[in-house]
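**Q** File name final.cif; file contents mmCIF, C-alpha atoms, pLDDT in the B column; chains and numbers go by the auth columns; full text below.
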data_start
#
loop_
_atom_site.group_PDB
_atom_site.id
_atom_site.type_symbol
_atom_site.label_atom_id
_atom_site.label_comp_id
_atom_site.label_asym_id
_atom_site.label_seq_id
_atom_site.Cartn_x
_atom_site.Cartn_y
_atom_site.Cartn_z
_atom_site.B_iso_or_equiv
_atom_site.auth_seq_id
_atom_site.auth_asym_id
ATOM 1 C CA ARG A 1 -36.463 173.699 -42.372 90.00 162 A
ATOM 2 C CA LYS A 2 -37.797 175.864 -39.543 91.00 163 A
ATOM 3 C CA LEU A 3 -35.361 178.637 -40.391 90.00 164 A
ATOM 4 C CA ALA A 4 -36.037 178.377 -44.132 90.00 165 A
ATOM 5 C CA ALA A 5 -39.739 178.831 -43.443 89.00 166 A
ATOM 6 C CA TYR A 6 -38.967 182.309 -42.091 86.00 167 A
ATOM 7 C CA ILE A 7 -37.332 183.415 -45.351 87.00 168 A
ATOM 8 C CA PRO A 8 -39.780 184.776 -47.963 86.00 169 A
ATOM 9 C CA ALA A 9 -38.225 183.394 -51.153 85.00 170 A
ATOM 10 C CA SER A 10 -39.864 183.473 -54.571 79.00 171 A
ATOM 11 C CA ASP A 11 -40.474 180.407 -56.672 71.00 172 A
ATOM 12 C CA PRO A 12 -37.806 179.623 -59.295 67.00 173 A
ATOM 13 C CA PRO A 13 -38.115 182.459 -61.825 65.00 174 A
ATOM 14 C CA PRO A 14 -40.034 181.413 -64.954 62.00 175 A
ATOM 15 C CA GLU A 15 -38.787 182.242 -68.405 70.00 176 A
ATOM 16 C CA PRO A 16 -39.851 185.797 -69.218 70.00 177 A
ATOM 17 C CA VAL A 17 -42.797 186.131 -71.562 67.00 178 A
ATOM 18 C CA ARG A 18 -44.794 189.114 -72.703 66.00 179 A
ATOM 19 C CA GLY A 19 -47.211 190.290 -70.062 63.00 180 A
ATOM 20 C CA ARG A 20 -50.938 190.523 -70.392 70.00 181 A
ATOM 21 C CA ASP A 21 -50.449 194.134 -71.441 75.00 182 A
ATOM 22 C CA GLY A 22 -48.509 192.947 -74.501 78.00 183 A
ATOM 23 C CA ARG A 23 -45.244 194.561 -73.354 84.00 184 A
ATOM 24 C CA PRO A 24 -41.934 192.761 -72.841 87.00 185 A
ATOM 25 C CA THR A 25 -41.371 191.567 -69.291 89.00 186 A
ATOM 26 C CA THR A 26 -39.741 194.636 -67.736 91.00 187 A
ATOM 27 C CA ILE A 27 -37.492 194.179 -64.710 93.00 188 A
ATOM 28 C CA ALA A 28 -35.921 197.140 -62.881 94.00 189 A
ATOM 29 C CA LEU A 29 -33.106 196.983 -60.349 95.00 190 A
ATOM 30 C CA ILE A 30 -32.902 199.644 -57.648 94.00 191 A
ATOM 31 C CA GLY A 31 -30.773 200.115 -54.554 92.00 192 A
ATOM 32 C CA PRO A 32 -28.028 202.056 -52.797 91.00 193 A
ATOM 33 C CA THR A 33 -24.727 202.906 -54.437 86.00 194 A
ATOM 34 C CA GLY A 34 -22.049 200.239 -54.678 87.00 195 A
ATOM 35 C CA VAL A 35 -24.224 197.147 -54.204 92.00 196 A
ATOM 36 C CA GLY A 36 -23.505 195.688 -57.655 90.00 197 A
ATOM 37 C CA LYS A 37 -26.649 196.500 -59.633 90.00 198 A
ATOM 38 C CA THR A 38 -24.911 196.858 -63.002 88.00 199 A
ATOM 39 C CA THR A 39 -22.985 193.606 -62.670 90.00 200 A
ATOM 40 C CA THR A 40 -26.176 191.846 -61.591 94.00 201 A
ATOM 41 C CA ILE A 41 -28.011 193.287 -64.610 92.00 202 A
ATOM 42 C CA ALA A 42 -25.288 191.832 -66.850 91.00 203 A
ATOM 43 C CA LYS A 43 -25.602 188.422 -65.175 93.00 204 A
ATOM 44 C CA LEU A 44 -29.382 188.405 -65.680 94.00 205 A
ATOM 45 C CA ALA A 45 -29.042 189.593 -69.272 92.00 206 A
ATOM 46 C CA ALA A 46 -26.571 186.840 -70.088 91.00 207 A
ATOM 47 C CA THR A 47 -28.789 184.250 -68.411 91.00 208 A
ATOM 48 C CA TYR A 48 -31.871 185.257 -70.381 91.00 209 A
ATOM 49 C CA LYS A 49 -30.028 185.651 -73.683 91.00 210 A
ATOM 50 C CA LEU A 50 -27.466 182.843 -73.665 88.00 211 A
ATOM 51 C CA ARG A 51 -29.196 180.202 -71.562 86.00 212 A
ATOM 52 C CA MET A 52 -32.859 180.837 -72.352 88.00 213 A
ATOM 53 C CA GLY A 53 -32.521 182.196 -75.884 89.00 214 A
ATOM 54 C CA LYS A 54 -34.621 185.283 -75.157 90.00 215 A
ATOM 55 C CA ARG A 55 -34.429 188.635 -76.923 91.00 216 A
ATOM 56 C CA VAL A 56 -33.095 190.953 -74.237 91.00 217 A
ATOM 57 C CA GLY A 57 -32.861 194.736 -74.173 90.00 218 A
ATOM 58 C CA LEU A 58 -31.045 196.961 -71.692 90.00 219 A
ATOM 59 C CA VAL A 59 -32.107 200.409 -70.539 90.00 220 A
ATOM 60 C CA THR A 60 -29.983 202.460 -68.168 85.00 221 A
ATOM 61 C CA GLY A 61 -30.814 205.594 -66.263 78.00 222 A
ATOM 62 C CA ASP A 62 -27.486 205.566 -64.434 70.00 223 A
ATOM 63 C CA THR A 63 -25.900 208.658 -65.941 64.00 224 A
ATOM 64 C CA TYR A 64 -24.525 209.938 -62.632 64.00 225 A
ATOM 65 C CA ARG A 65 -21.714 207.487 -61.966 64.00 226 A
ATOM 66 C CA ILE A 66 -18.538 207.976 -63.996 60.00 227 A
ATOM 67 C CA ALA A 67 -18.220 205.295 -66.696 69.00 228 A
ATOM 68 C CA ALA A 68 -21.465 203.586 -65.595 70.00 229 A
ATOM 69 C CA VAL A 69 -22.946 203.715 -69.100 80.00 230 A
ATOM 70 C CA GLU A 70 -19.692 202.495 -70.641 84.00 231 A
ATOM 71 C CA GLN A 71 -19.587 199.564 -68.231 83.00 232 A
ATOM 72 C CA LEU A 72 -23.052 198.437 -69.284 84.00 233 A
ATOM 73 C CA ARG A 73 -22.307 199.215 -72.924 88.00 234 A
ATOM 74 C CA THR A 74 -19.307 196.879 -72.729 89.00 235 A
ATOM 75 C CA TYR A 75 -21.456 194.096 -71.314 86.00 236 A
ATOM 76 C CA ALA A 76 -24.120 194.753 -73.964 89.00 237 A
ATOM 77 C CA GLY A 77 -21.527 194.533 -76.719 90.00 238 A
ATOM 78 C CA ILE A 78 -20.071 191.268 -75.437 89.00 239 A
ATOM 79 C CA ILE A 79 -23.474 189.622 -75.015 89.00 240 A
ATOM 80 C CA GLY A 80 -24.896 191.209 -78.179 90.00 241 A
ATOM 81 C CA LEU A 81 -27.754 193.269 -76.767 90.00 242 A
ATOM 82 C CA PRO A 82 -29.313 196.638 -77.625 88.00 243 A
ATOM 83 C CA LEU A 83 -28.761 199.371 -75.029 88.00 244 A
ATOM 84 C CA ARG A 84 -30.783 202.538 -74.560 86.00 245 A
ATOM 85 C CA VAL A 85 -29.575 205.389 -72.347 85.00 246 A
ATOM 86 C CA ALA A 86 -32.364 207.370 -70.667 81.00 247 A
ATOM 87 C CA LEU A 87 -31.348 210.823 -69.486 78.00 248 A
ATOM 88 C CA THR A 88 -34.907 211.708 -68.410 76.00 249 A
ATOM 89 C CA PRO A 89 -38.017 209.722 -67.448 75.00 250 A
ATOM 90 C CA ALA A 90 -39.530 210.605 -70.836 76.00 251 A
ATOM 91 C CA GLU A 91 -36.743 208.624 -72.540 73.00 252 A
ATOM 92 C CA MET A 92 -37.410 205.528 -70.404 69.00 253 A
ATOM 93 C CA ARG A 93 -39.412 203.801 -73.120 69.00 254 A
ATOM 94 C CA ALA A 94 -39.225 200.084 -73.730 61.00 255 A
ATOM 95 C CA LEU A 95 -37.549 198.291 -76.612 65.00 256 A
ATOM 96 C CA SER A 96 -40.755 196.771 -77.940 71.00 257 A
ATOM 97 C CA ASP A 97 -39.161 194.031 -80.078 82.00 258 A
ATOM 98 C CA CYS A 98 -37.657 192.253 -77.035 86.00 259 A
ATOM 99 C CA ASP A 99 -38.940 189.500 -74.775 88.00 260 A
ATOM 100 C CA VAL A 100 -37.453 191.017 -71.633 90.00 261 A
ATOM 101 C CA ILE A 101 -36.200 194.498 -70.738 91.00 262 A
ATOM 102 C CA LEU A 102 -33.708 194.975 -67.902 93.00 263 A
ATOM 103 C CA VAL A 103 -33.606 198.481 -66.425 92.00 264 A
ATOM 104 C CA ASP A 104 -30.475 199.637 -64.608 89.00 265 A
ATOM 105 C CA THR A 105 -30.943 202.639 -62.323 86.00 266 A
ATOM 106 C CA ALA A 106 -28.514 204.975 -60.630 77.00 267 A
ATOM 107 C CA GLY A 107 -27.568 204.061 -57.091 75.00 268 A
ATOM 108 C CA ARG A 108 -29.237 206.332 -54.552 70.00 269 A
ATOM 109 C CA ALA A 109 -28.070 207.202 -51.071 70.00 270 A
ATOM 110 C CA PRO A 110 -30.963 206.112 -48.852 68.00 271 A
ATOM 111 C CA SER A 111 -30.777 209.412 -46.975 67.00 272 A
ATOM 112 C CA ASP A 112 -31.297 211.431 -50.193 67.00 273 A
ATOM 113 C CA SER A 113 -35.096 211.521 -50.401 66.00 274 A
ATOM 114 C CA GLY A 114 -34.985 213.825 -53.440 72.00 275 A
ATOM 115 C CA LYS A 115 -33.004 211.327 -55.492 76.00 276 A
ATOM 116 C CA VAL A 116 -35.270 208.481 -54.396 79.00 277 A
ATOM 117 C CA SER A 117 -38.273 210.527 -55.579 80.00 278 A
ATOM 118 C CA GLU A 118 -36.494 211.083 -58.896 82.00 279 A
ATOM 119 C CA LEU A 119 -36.004 207.328 -59.131 86.00 280 A
ATOM 120 C CA GLY A 120 -39.743 206.931 -58.660 87.00 281 A
ATOM 121 C CA ALA A 121 -40.351 209.143 -61.698 85.00 282 A
ATOM 122 C CA PHE A 122 -38.097 206.933 -63.827 86.00 283 A
ATOM 123 C CA LEU A 123 -39.915 203.813 -62.649 88.00 284 A
ATOM 124 C CA ASP A 124 -43.309 205.377 -63.342 88.00 285 A
ATOM 125 C CA ALA A 125 -42.155 205.950 -66.912 85.00 286 A
ATOM 126 C CA ALA A 126 -40.643 202.477 -67.334 87.00 287 A
ATOM 127 C CA LEU A 127 -43.705 200.677 -65.892 89.00 288 A
ATOM 128 C CA PRO A 128 -41.707 197.636 -64.743 91.00 289 A
ATOM 129 C CA HIS A 129 -43.520 194.392 -64.031 90.00 290 A
ATOM 130 C CA GLN A 130 -40.941 193.664 -61.322 92.00 291 A
ATOM 131 C CA VAL A 131 -38.817 195.974 -59.160 94.00 292 A
ATOM 132 C CA HIS A 132 -35.882 194.236 -57.448 96.00 293 A
ATOM 133 C CA LEU A 133 -34.255 195.962 -54.478 96.00 294 A
ATOM 134 C CA VAL A 134 -30.543 195.079 -54.521 96.00 295 A
ATOM 135 C CA LEU A 135 -28.692 194.976 -51.206 96.00 296 A
ATOM 136 C CA SER A 136 -25.110 194.007 -50.431 95.00 297 A
ATOM 137 C CA SER A 137 -24.639 191.116 -48.011 93.00 298 A
ATOM 138 C CA THR A 138 -21.608 192.923 -46.603 93.00 299 A
ATOM 139 C CA ALA A 139 -23.625 195.892 -45.293 93.00 300 A
ATOM 140 C CA SER A 140 -24.565 196.229 -41.645 92.00 301 A
ATOM 141 C CA GLU A 141 -28.099 195.499 -40.499 92.00 302 A
ATOM 142 C CA ALA A 142 -28.592 199.180 -39.677 93.00 303 A
ATOM 143 C CA CYS A 143 -27.602 200.216 -43.217 92.00 304 A
ATOM 144 C CA MET A 144 -29.868 197.586 -44.762 93.00 305 A
ATOM 145 C CA ARG A 145 -32.831 198.604 -42.611 93.00 306 A
ATOM 146 C CA HIS A 146 -32.297 202.236 -43.587 92.00 307 A
ATOM 147 C CA ALA A 147 -32.174 201.297 -47.277 92.00 308 A
ATOM 148 C CA VAL A 148 -35.325 199.186 -47.006 93.00 309 A
ATOM 149 C CA ALA A 149 -37.220 202.061 -45.382 91.00 310 A
ATOM 150 C CA SER A 150 -35.915 204.618 -47.873 90.00 311 A
ATOM 151 C CA PHE A 151 -36.775 202.625 -50.998 91.00 312 A
ATOM 152 C CA ALA A 152 -40.154 201.425 -49.706 91.00 313 A
ATOM 153 C CA PRO A 153 -42.037 204.318 -51.414 89.00 314 A
ATOM 154 C CA VAL A 154 -41.091 203.008 -54.894 89.00 315 A
ATOM 155 C CA GLY A 155 -42.600 199.618 -54.086 91.00 316 A
ATOM 156 C CA PRO A 156 -39.978 196.889 -54.582 93.00 317 A
ATOM 157 C CA THR A 157 -41.555 193.541 -55.419 93.00 318 A
ATOM 158 C CA HIS A 158 -38.431 191.396 -55.094 94.00 319 A
ATOM 159 C CA LEU A 159 -35.135 191.348 -53.192 94.00 320 A
ATOM 160 C CA ILE A 160 -31.636 190.491 -54.432 95.00 321 A
ATOM 161 C CA TYR A 161 -28.647 189.911 -52.140 95.00 322 A
ATOM 162 C CA THR A 162 -25.227 190.443 -53.721 95.00 323 A
ATOM 163 C CA LYS A 163 -21.689 189.594 -52.602 94.00 324 A
ATOM 164 C CA LEU A 164 -22.550 186.540 -50.519 92.00 325 A
ATOM 165 C CA ASP A 165 -18.948 185.459 -51.099 91.00 326 A
ATOM 166 C CA GLU A 166 -17.746 188.534 -49.182 91.00 327 A
ATOM 167 C CA ALA A 167 -20.170 188.299 -46.254 89.00 328 A
ATOM 168 C CA VAL A 168 -18.878 187.245 -42.841 85.00 329 A
ATOM 169 C CA SER A 169 -22.287 186.296 -41.417 85.00 330 A
ATOM 170 C CA PHE A 170 -25.701 185.601 -42.884 88.00 331 A
ATOM 171 C CA GLY A 171 -28.236 185.861 -40.054 88.00 332 A
ATOM 172 C CA VAL A 172 -28.879 189.529 -40.825 89.00 333 A
ATOM 173 C CA LEU A 173 -30.116 188.515 -44.280 89.00 334 A
ATOM 174 C CA VAL A 174 -33.072 186.703 -42.726 89.00 335 A
ATOM 175 C CA ASN A 175 -33.917 189.683 -40.518 89.00 336 A
ATOM 176 C CA ILE A 176 -33.937 192.038 -43.484 91.00 337 A
ATOM 177 C CA ALA A 177 -35.783 189.670 -45.814 88.00 338 A
ATOM 178 C CA ARG A 178 -38.601 189.526 -43.281 86.00 339 A
ATOM 179 C CA LYS A 179 -38.750 193.336 -43.128 86.00 340 A
ATOM 180 C CA VAL A 180 -39.175 193.815 -46.878 86.00 341 A
ATOM 181 C CA ASN A 181 -42.602 193.255 -48.368 81.00 342 A
ATOM 182 C CA ALA A 182 -40.916 191.378 -51.223 87.00 343 A
ATOM 183 C CA LYS A 183 -39.592 187.909 -51.954 90.00 344 A
ATOM 184 C CA LEU A 184 -35.954 186.929 -52.334 92.00 345 A
ATOM 185 C CA SER A 185 -35.421 186.402 -56.064 93.00 346 A
ATOM 186 C CA PHE A 186 -31.657 186.059 -56.630 93.00 347 A
ATOM 187 C CA VAL A 187 -28.330 186.015 -54.820 93.00 348 A
ATOM 188 C CA THR A 188 -24.891 186.599 -56.314 94.00 349 A
ATOM 189 C CA THR A 189 -21.727 184.898 -55.125 91.00 350 A
ATOM 190 C CA GLY A 190 -18.983 186.677 -57.066 88.00 351 A
ATOM 191 C CA GLN A 191 -18.169 189.048 -59.917 86.00 352 A
ATOM 192 C CA GLU A 192 -18.026 186.580 -62.813 86.00 353 A
ATOM 193 C CA VAL A 193 -20.470 187.238 -65.662 82.00 354 A
ATOM 194 C CA PRO A 194 -22.638 185.334 -66.524 79.00 355 A
ATOM 195 C CA ASP A 195 -21.922 182.963 -63.630 86.00 356 A
ATOM 196 C CA GLN A 196 -22.122 183.302 -59.854 90.00 357 A
ATOM 197 C CA ILE A 197 -25.818 184.168 -59.722 92.00 358 A
ATOM 198 C CA GLU A 198 -28.497 181.814 -58.462 90.00 359 A
ATOM 199 C CA ALA A 199 -32.195 181.883 -57.718 90.00 360 A
ATOM 200 C CA GLY A 200 -33.060 182.866 -54.161 89.00 361 A
ATOM 201 C CA ASP A 201 -33.435 179.653 -52.181 90.00 362 A
ATOM 202 C CA ALA A 202 -34.603 179.746 -48.567 90.00 363 A
ATOM 203 C CA HIS A 203 -33.079 176.369 -47.720 91.00 364 A
ATOM 204 C CA ARG A 204 -29.721 177.391 -49.211 89.00 365 A
ATOM 205 C CA LEU A 205 -29.641 180.585 -47.133 89.00 366 A
ATOM 206 C CA ALA A 206 -30.725 178.747 -43.975 90.00 367 A
ATOM 207 C CA THR A 207 -27.922 176.222 -44.501 90.00 368 A
ATOM 208 C CA LEU A 208 -25.353 179.021 -44.851 88.00 369 A
ATOM 209 C CA ILE A 209 -26.549 180.560 -41.583 87.00 370 A
ATOM 210 C CA LEU A 210 -26.319 177.318 -39.641 88.00 371 A
ATOM 211 C CA ASP A 211 -23.157 175.895 -41.203 84.00 372 A
ATOM 212 C CA GLY A 212 -21.169 179.088 -41.672 71.00 373 A
ATOM 213 C CA GLY A 213 -18.013 178.957 -43.770 60.00 374 A
ATOM 214 C CA ALA A 214 -17.315 180.247 -47.240 60.00 375 A
ATOM 215 C CA VAL A 215 -19.963 180.437 -49.960 69.00 376 A
ATOM 216 C CA ARG A 216 -19.361 177.898 -52.731 65.00 377 A
#
Show me this structure written as structure tokens.
**A**
Amino acid sequence: RKLAAYIPASDPPPEPVRGRDGRPTTIALIGPTGVGKTTTIAKLAATYKLRMGKRVGLVTGDTYRIAAVEQLRTYAGIIGLPLRVALTPAEMRALSDCDVILVDTAGRAPSDSGKVSELGAFLDAALPHQVHLVLSSTASEACMRHAVASFAPVGPTHLIYTKLDEAVSFGVLVNIARKVNAKLSFVTTGQEVPDQIEAGDAHRLATLILDGGAVR
């Protein structure tokens, strides 16, 4: 319980509803390359659509990575969701007939300040209600700290840890969570869509740190 108290976790995520501004709940995922943002977007989309019965739309600005759009388009087709590809910030407009919009962004190398600034322009156009910084549990603490510092200017509101099933230790996750001015929202424990995603739970993470062993 003492250890869990050090982990800033969000409350269980409520079902998305239209915000006070009348727009669909808009959630953007940002982070370094290779952390699993697109797969996590698909997991969230399936959760909202199949388990909560919400009208979900996908927007992607990831036109840099080879086959990135096709990967998300495949997920969108399987789940039955509209997908919009935004080549420029001006095209990052919401699908207004949805309950929730999930925005996939291109992975940015934390050391590339120009690309991170470009990401900021996309987010300014999308006007997300939530910005989730996605980090891989397999990364070193130094890499995570660098990513946190680099993406701080775009103002992440939440934190997602991916690949808990591949991590060899979990203590670093507490250190990083306390460095980000954001609450842990989700963790992923494998590649299966729509499964192997769970709400961020401080007690669950504390138990993993103390008990060790494989994530189940």
**Q** Please evaluate the PyMOL selection byres ((chain A and resi 197) around 10) against the displayed coordinates and give the resulting residues as a list in words.
**A**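 That selection, the PyMOL selection byres ((chain A and resi 197) around 10), comes back as Gly192, Pro193, Thr194, Gly195, Val196, Lys198, Thr199, Thr200, Thr201, Ile202, Gly268, Val295, Leu296, Ser297, Tyr322, Thr323, Lys324, Thr349 and Gln352 of chain A.
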**Q** Point out the residue among A:Ser298, A:Asn336, A:Ser311, A:Gln291 with the least atom-to-atom distance to A:Thr187, counting only C-alpha atoms.
**A** A:Gln291
**Q** So what does the PyMOL selection byres ((chain A and resi 347) around 9) actually pick up in this one, as a ChimeraX atom specification?
**A** /A:170-171,319-323,345-346,348-349,358-362
**Q** Which polymer residues have any atom within 12 Å of an atom of stretch 274-281 of chain A, counting only C-alpha atoms, with same-chain residues fewer than 6 positions away left out, as an NGL selection string?
**A** :A and (189-194 or 221-223 or 225 or 248-250 or 253 or 264-268 or 287-289 or 292 or 307-317)
**Q** Enumerate, as an MDAnalysis selection string, the residues matched when the PyMOL selection byres ((chain A and resi 164) around 9) is run on the file above.
**A** chainID A and resid 162:163 165:168 335 363:364 367:368
**Q** Measure the distance from atom CA of A:Leu244 to atom CA of A:Val217 in Å and round it to one decimal.
**A** 9.5 Å
**Q** To one decimal place, how far is atom CA of A:Leu371 from atom CA of A:Cys304 in Å?
**A**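 Answer for the atom CA of A:Leu371 to atom CA of A:Cys304 separation: 23.2 Å.
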**Q** Between atom CA of A:Asp326 and atom CA of A:Ala237, what is the spacing in Å?
**A**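 Separation between atom CA of A:Ala237 and atom CA of A:Asp326: 25.2 Å.
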**Q** For A:Leu294, which residue out of A:Arg339, A:Arg245, A:Lys344, A:Lys210 is the nearest one, using all atoms listed in the file?
**A** A:Lys344
**Q** Which residue gives the smallest distance to A:Ile337 among A:Leu366, A:Ala206, A:Leu325, A:Ala303, with all atoms listed in the file counted?
**A**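 The answer is A:Ala303, which sits nearest to A:Ile337.
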**Q** May I ask which of the residues A:Met305, A:Leu205, A:Leu233, A:Leu263 is the closest one to A:Ala338, counting only C-alpha atoms?
**A**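 Smallest distance to A:Ala338 is found for A:Met305.
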**Q** Hey, which of A:Val220, A:Leu284, A:Val261, A:Ala203 ends up closest to A:Thr235? Count all atoms listed in the file.
**A**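 Of A:Val220, A:Leu284, A:Val261, A:Ala203, the one nearest A:Thr235 is A:Ala203, counting all atoms listed in the file.
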**Q** Please determine, counting all atoms listed in the file, which residue among A:Leu211, A:Ala300, A:Leu242, A:Val354 has the shortest atom-to-atom distance to A:Glu327.
**A**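 Distance minimum relative to A:Glu327 lands on A:Ala300.
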